[in-house]
Amino acid sequence: MSYQVIARKWRPTSFSEVVGQTHVVKTLQNAIESGRIAHAYLFSGPRGVGKTTMARILAKALNCEKGPAPEPCNECSICKEIGSGYSTDVLEIDGASNTHVDNIRELRESVKYSPSRGRFRIYIIDEVHMLSSHAFNALLKTLEEPPPHVIFVFATTEPHKIPATIHSRCQRFEFRRIPTRVVAEKLKEIADAEGIAIDDEAVYLIARESEGSLRDAQSMLDQLIAFSGERIGKEDVRDVFGLMDRSLLATLLECIIDRDGAGCLNVVEKINDFGYDLKKLLGELIEYVRDLIVIKVCDDRKIVELPENEFSHLKGLSERIEMRRADLLFSVLSRGYEELTRSSTPRFSLEMTLLRACNLEDLKDIAELLRAVREAAYPLKEGAVNRGRYDPLKEASSRAETEPEESKKATVEKKKEGECEEGAASHQMTEGQEGFKEFVAPRDERLYDALVDAVVSFDGRKLSIVADPEGYVMLEVIKKKRLEELVREYFKRNIAIEVKKNNDTKTERERASVAVPAAEDIKIKAMKILGAKIIEERSIDDA
């Protein structure tokens, strides 16, 4: 008997042998068991994931002498005929070579005839998207109301090219790429059965290069057996398929993390001498950085499909780089990939991208930088409220730590006296205008914004507030009721409130005892905090 390639020899003959498509298998088996068999199916997905194979298994399960059954017996004459491709009741049609409307007309004529041996006459049309628009139109009526003994199974890698009118008449099943781990396990099983010794790293390289196509992986294994014989190592895989040594990727990423530009250039030199595709190199490096970030975030082996040695190495590298820098590194490499795609000198573009990646500085949060500049430009006096960042608990704790013991006792005694007078005296604003403002800050942010630059005073009977025009509108109109509620809560009784408009545009901050630094001082402090330097100075009018 002539030699049969691994992809054909190990082609699944029953639903239980199909890998990576559990959702399709379960649906079809349940449909057969319950008798809910559709007249048309559309199998779509990448190449080599089992679409045509699933169609053949479905045909056997429906026409099996012991069926219809969730699993074909593969022993009766009908199952054997379908498996070998000789059944007159199961017709496989290549859509790429039967694209014309005349071919579909012949098919329409043949559907009238009953099956010769089985229960159903099944038409499997592979690469159905290759049919012409006229051919699809000729198929519509037959597909909508076929004879009860006819079942159509369409297989395609490009479902978007199939008209919506065809989609609406079929049950669609989306076949998925088979995970690298599952492909590797299947290859190991085949190699063991064939008496081939193969390294785990070699199996991983084949599975990864197949990109989720089990048929591609089986064809690659067949080629490697012809090259290496009964012993296959990772070097054999790299030699036969021109793959790069993945340890160079690890070295390259390590150089980037260590900011070793010279090391990166040396690695590029080695890879270029080897003749490896630089665009593919950068793509694999981006994927490598992605794996590092995923490991840093969740450390999930199911999401990161890597051999044990690579996973351990990446886990160690993830502990040496901050998340912000890793995220920026991914962005820099992705932009470099776009530049490399358009570049007429790919090596130079790759080198510059790697050098930019090496020189990424540790990032600081922009909010921290802005806060540092603001605090340097507008230092507040001790005990003043920092607008927008006020924390009354922290302020109280800080004041308690610095307050002398005698002062603490006096405060306690004063508080007791205030409790005897219905709680009013406890809020006599002994600390100036900030007392009521501090009370409002955590309770109403917008009201606090209106009060922060206002002058607040209390004479024992009436609360007076002098605010700028904008604050006046907020206090007197928009937030008037809320202001009355907070005043009542603060003083423990009803207090008269008087809000006045101050036409003086100076804010309370500007009236503070601490002078506002000159513009030159602000500029010098900002440069010191940000580590910046002046390149050009222009006035606002010139900008």
# chains A, B, ... in the order shown; residues from 1 in each chain; ligands from 1
>>> residues_around(residues="Glu339 in chain A", least_positions_apart="5", cutoff="10 Å", atoms="only C-alpha atoms", output="list in words")
Leu333, Ser334, Ser344, Pro346, Ser349, Leu350 and Thr353 of chain A
>>> write_last_selection(atoms="C-alpha atoms", output="short mmCIF file (atom, residue, chain, number, x, y, z; two decimals), in the first residue's frame")
data_model
loop_
_atom_site.label_atom_id
_atom_site.label_comp_id
_atom_site.auth_asym_id
_atom_site.auth_seq_id
_atom_site.Cartn_x
_atom_site.Cartn_y
_atom_site.Cartn_z
CA LEU A 333 7.61 48.71 19.69
CA SER A 334 4.16 48.80 18.07
CA SER A 344 13.06 50.98 2.72
CA PRO A 346 14.19 47.85 7.74
CA SER A 349 14.34 51.27 11.53
CA LEU A 350 14.54 48.23 13.80
CA THR A 353 13.18 51.41 17.55
#
>>> closest_atom_pairs(of="range 300-352 of chain A", to="range 178-202 of chain A", cutoff="10 Å", atoms="only C-alpha atoms", output="CSV")
residue,atom,partner,partner_atom,distance
A:Lys302,CA,A:Arg181,CA,8.7
A:Glu305,CA,A:Arg181,CA,6.7
A:Leu306,CA,A:Arg181,CA,8.6
A:Pro307,CA,A:Glu201,CA,7.0
A:Glu308,CA,A:Glu201,CA,9.4
A:Asn309,CA,A:Glu201,CA,9.4
>>> closest_residue(among="A:Pro46, A:Gly95, A:Gly83, A:Gly67", to="Thr13 in chain A", atoms="only C-alpha atoms")
A:Gly83
>>> atom_distance(atom1="CA of Gln218 in chain A", atom2="CA of Met244 in chain A")
20.5 Å
>>> residues_around(residues="Cys170 in chain A", least_positions_apart="5", cutoff="9 Å", atoms="only C-alpha atoms", output="ChimeraX atom specification")
/A:38-42,143-144,152-154
>>> write_last_selection(atoms="C-alpha atoms", output="PDB file, in the first residue's frame")
ATOM      1  CA  ALA A  38     -31.266  21.207   9.820  1.00  0.00           C
ATOM      2  CA  HIS A  39     -31.380  21.094   6.030  1.00  0.00           C
ATOM      3  CA  ALA A  40     -28.326  23.382   5.632  1.00  0.00           C
ATOM      4  CA  TYR A  41     -25.179  24.029   7.688  1.00  0.00           C
ATOM      5  CA  LEU A  42     -22.436  26.609   7.203  1.00  0.00           C
ATOM      6  CA  LEU A 143     -31.612  25.885  -0.314  1.00  0.00           C
ATOM      7  CA  GLU A 144     -34.777  27.380   1.166  1.00  0.00           C
ATOM      8  CA  PHE A 152     -26.317  20.873   2.437  1.00  0.00           C
ATOM      9  CA  VAL A 153     -23.058  21.453   4.310  1.00  0.00           C
ATOM     10  CA  PHE A 154     -21.039  24.504   3.237  1.00  0.00           C
TER      11      PHE A 154
END
>>> closest_residue(among="A:Arg108, A:Arg56, A:Arg325, A:Lys315", to="Tyr86 in chain A", atoms="only C-alpha atoms")
A:Arg56
>>> residues_around(residues="Ser84 in chain A", least_positions_apart="4", cutoff="12 Å", atoms="only C-alpha atoms", output="list in words")
Arg8, Lys9, Arg11, Thr13, Arg56, Ile57, Lys60, Asn74, Ser77, Ile78, Cys79, Lys80, Thr88, Val90 and Glu92 of chain A
>>> write_last_selection(atoms="C-alpha atoms", output="tab-separated table (two decimals), in the first residue's frame")
chain	number	residue	atom	x	y	z
A	8	ARG	CA	-4.74	12.01	6.16
A	9	LYS	CA	-3.75	9.03	8.28
A	11	ARG	CA	-7.78	12.56	10.19
A	13	THR	CA	-13.23	9.57	11.87
A	56	ARG	CA	-17.83	13.98	6.66
A	57	ILE	CA	-18.36	12.78	10.23
A	60	LYS	CA	-21.52	9.24	8.44
A	74	ASN	CA	-17.09	3.31	11.22
A	77	SER	CA	-20.26	-0.39	4.60
A	78	ILE	CA	-21.87	3.07	4.40
A	79	CYS	CA	-19.44	4.56	6.95
A	80	LYS	CA	-16.49	3.02	5.10
A	88	THR	CA	-22.87	8.04	-4.07
A	90	VAL	CA	-22.39	12.03	-0.14
A	92	GLU	CA	-18.10	16.63	-2.10
>>> atom_distance(atom1="CA of Gln21 in chain A", atom2="CA of Val49 in chain A")
8.2 Å
>>> select_by_dssp(residues="range 211-268 of chain A", states="helix (DSSP H, G or I)", output="PyMOL selection string")
chain A and resi 214-228+234-241+246-257+261-268
>>> write_last_selection(atoms="C-alpha atoms", output="mmCIF file, in the first residue's frame")
data_model
loop_
_atom_site.group_PDB
_atom_site.id
_atom_site.type_symbol
_atom_site.label_atom_id
_atom_site.label_comp_id
_atom_site.auth_asym_id
_atom_site.auth_seq_id
_atom_site.Cartn_x
_atom_site.Cartn_y
_atom_site.Cartn_z
ATOM 1 C CA LEU A 214 -3.731 21.168 13.226
ATOM 2 C CA ARG A 215 -3.425 20.118 9.580
ATOM 3 C CA ASP A 216 -0.496 22.512 9.072
ATOM 4 C CA ALA A 217 1.159 21.156 12.207
ATOM 5 C CA GLN A 218 0.752 17.563 11.013
ATOM 6 C CA SER A 219 2.241 18.438 7.615
ATOM 7 C CA MET A 220 5.216 20.100 9.317
ATOM 8 C CA LEU A 221 5.739 17.017 11.499
ATOM 9 C CA ASP A 222 5.666 14.829 8.378
ATOM 10 C CA GLN A 223 8.361 16.988 6.784
ATOM 11 C CA LEU A 224 10.522 16.881 9.912
ATOM 12 C CA ILE A 225 10.322 13.091 10.073
ATOM 13 C CA ALA A 226 11.600 12.961 6.501
ATOM 14 C CA PHE A 227 14.480 15.297 7.488
ATOM 15 C CA SER A 228 15.497 13.951 10.903
ATOM 16 C CA LYS A 234 14.396 21.982 18.332
ATOM 17 C CA GLU A 235 17.457 22.653 16.144
ATOM 18 C CA ASP A 236 15.921 20.501 13.423
ATOM 19 C CA VAL A 237 12.711 22.553 13.513
ATOM 20 C CA ARG A 238 14.674 25.815 13.216
ATOM 21 C CA ASP A 239 16.815 24.494 10.372
ATOM 22 C CA VAL A 240 13.968 23.072 8.288
ATOM 23 C CA PHE A 241 11.532 25.982 8.653
ATOM 24 C CA ARG A 246 13.802 32.187 20.688
ATOM 25 C CA SER A 247 16.611 32.596 23.201
ATOM 26 C CA LEU A 248 17.623 35.636 21.128
ATOM 27 C CA LEU A 249 14.223 37.160 21.878
ATOM 28 C CA ALA A 250 14.822 36.668 25.586
ATOM 29 C CA THR A 251 18.286 38.236 25.254
ATOM 30 C CA LEU A 252 16.872 41.184 23.303
ATOM 31 C CA LEU A 253 14.170 41.891 25.889
ATOM 32 C CA GLU A 254 16.705 41.584 28.702
ATOM 33 C CA CYS A 255 18.955 44.153 26.995
ATOM 34 C CA ILE A 256 16.005 46.544 26.660
ATOM 35 C CA ILE A 257 15.096 46.215 30.342
ATOM 36 C CA GLY A 261 21.699 49.585 23.604
ATOM 37 C CA ALA A 262 24.947 47.979 22.487
ATOM 38 C CA GLY A 263 23.617 44.541 23.416
ATOM 39 C CA CYS A 264 20.494 45.143 21.307
ATOM 40 C CA LEU A 265 22.568 46.114 18.290
ATOM 41 C CA ASN A 266 24.713 42.990 18.648
ATOM 42 C CA VAL A 267 21.605 40.775 18.703
ATOM 43 C CA VAL A 268 20.256 42.498 15.579
#
>>> residues_around(residues="Asn63 in chain A", least_positions_apart="2", cutoff="12 Å", atoms="only C-alpha atoms", output="number ranges by chain")
A: 32, 56-61, 65-74, 76-83, 87-90, 115-122, 149-151
>>> write_last_selection(atoms="C-alpha atoms", output="PDB file, in the first residue's frame")
ATOM      1  CA  ILE A  32     -28.910  14.140  15.990  1.00  0.00           C
ATOM      2  CA  ARG A  56     -17.831  13.975   6.663  1.00  0.00           C
ATOM      3  CA  ILE A  57     -18.355  12.779  10.235  1.00  0.00           C
ATOM      4  CA  LEU A  58     -21.833  14.364  10.242  1.00  0.00           C
ATOM      5  CA  ALA A  59     -22.637  12.568   6.967  1.00  0.00           C
ATOM      6  CA  LYS A  60     -21.524   9.238   8.444  1.00  0.00           C
ATOM      7  CA  ALA A  61     -23.501   9.775  11.654  1.00  0.00           C
ATOM      8  CA  GLU A  65     -26.627   1.706   9.359  1.00  0.00           C
ATOM      9  CA  LYS A  66     -26.843   1.880  13.170  1.00  0.00           C
ATOM     10  CA  GLY A  67     -27.990   5.491  13.175  1.00  0.00           C
ATOM     11  CA  PRO A  68     -28.728   8.252  13.006  1.00  0.00           C
ATOM     12  CA  ALA A  69     -26.388   8.153  15.992  1.00  0.00           C
ATOM     13  CA  PRO A  70     -24.259  10.675  17.930  1.00  0.00           C
ATOM     14  CA  GLU A  71     -21.213   8.658  16.846  1.00  0.00           C
ATOM     15  CA  PRO A  72     -20.777   6.768  13.534  1.00  0.00           C
ATOM     16  CA  CYS A  73     -19.797   3.133  13.935  1.00  0.00           C
ATOM     17  CA  ASN A  74     -17.085   3.315  11.222  1.00  0.00           C
ATOM     18  CA  CYS A  76     -20.672  -0.608   8.360  1.00  0.00           C
ATOM     19  CA  SER A  77     -20.259  -0.394   4.600  1.00  0.00           C
ATOM     20  CA  ILE A  78     -21.866   3.065   4.401  1.00  0.00           C
ATOM     21  CA  CYS A  79     -19.436   4.564   6.946  1.00  0.00           C
ATOM     22  CA  LYS A  80     -16.490   3.025   5.104  1.00  0.00           C
ATOM     23  CA  GLU A  81     -17.702   4.321   1.738  1.00  0.00           C
ATOM     24  CA  ILE A  82     -18.137   7.860   3.072  1.00  0.00           C
ATOM     25  CA  GLY A  83     -14.754   7.716   4.808  1.00  0.00           C
ATOM     26  CA  SER A  87     -20.305   7.065  -1.444  1.00  0.00           C
ATOM     27  CA  THR A  88     -22.871   8.036  -4.066  1.00  0.00           C
ATOM     28  CA  ASP A  89     -25.052   9.605  -1.376  1.00  0.00           C
ATOM     29  CA  VAL A  90     -22.389  12.032  -0.143  1.00  0.00           C
ATOM     30  CA  PRO A 115     -30.413   8.438  -1.878  1.00  0.00           C
ATOM     31  CA  SER A 116     -29.319   5.036  -3.132  1.00  0.00           C
ATOM     32  CA  ARG A 117     -28.435   3.454   0.225  1.00  0.00           C
ATOM     33  CA  GLY A 118     -28.468   5.923   3.054  1.00  0.00           C
ATOM     34  CA  ARG A 119     -31.190   8.030   4.614  1.00  0.00           C
ATOM     35  CA  PHE A 120     -29.970  11.368   3.280  1.00  0.00           C
ATOM     36  CA  ARG A 121     -28.333  12.743   0.170  1.00  0.00           C
ATOM     37  CA  ILE A 122     -25.672  15.100   1.518  1.00  0.00           C
ATOM     38  CA  HIS A 149     -33.814  13.735   1.997  1.00  0.00           C
ATOM     39  CA  VAL A 150     -31.287  16.488   1.081  1.00  0.00           C
ATOM     40  CA  ILE A 151     -28.825  18.184   3.448  1.00  0.00           C
TER      41      ILE A 151
END
>>> residues_around(residues="Cys358 in chain A", least_positions_apart="2", cutoff="6 Å", atoms="only C-alpha atoms", output="number ranges by chain")
A: 256, 259, 355-356, 360
>>> select_by_dssp(residues="range 45-229 of chain A", states="strand (DSSP E or B)", output="JSON, numbers by chain")
{"A": [90, 91, 92, 93, 94, 121, 122, 123, 124, 125, 126, 150, 151, 152, 153, 154, 155, 156, 171, 172, 173, 174, 197, 198]}
>>> residues_around(residues="Ser132 in chain A", least_positions_apart="5", cutoff="9 Å", atoms="only C-alpha atoms", output="PyMOL selection string")
chain A and resi 99-101+137
>>> write_last_selection(atoms="N, CA and C atoms", output="CSV table (one decimal), in the first residue's frame")
chain,number,residue,atom,x,y,z
A,99,THR,N,-17.7,27.2,-10.0
A,99,THR,CA,-18.2,28.5,-9.7
A,99,THR,C,-19.4,29.0,-10.5
A,100,HIS,N,-19.6,28.4,-11.6
A,100,HIS,CA,-20.6,29.0,-12.6
A,100,HIS,C,-22.0,28.5,-12.2
A,101,VAL,N,-23.0,29.3,-12.8
A,101,VAL,CA,-24.4,29.0,-12.5
A,101,VAL,C,-24.8,27.6,-13.2
A,137,ASN,N,-27.5,32.9,-6.4
A,137,ASN,CA,-28.9,33.2,-6.7
A,137,ASN,C,-29.7,31.9,-7.2
>>> atom_distance(atom1="CA of Ser34 in chain A", atom2="CA of Pro148 in chain A")
16.9 Å
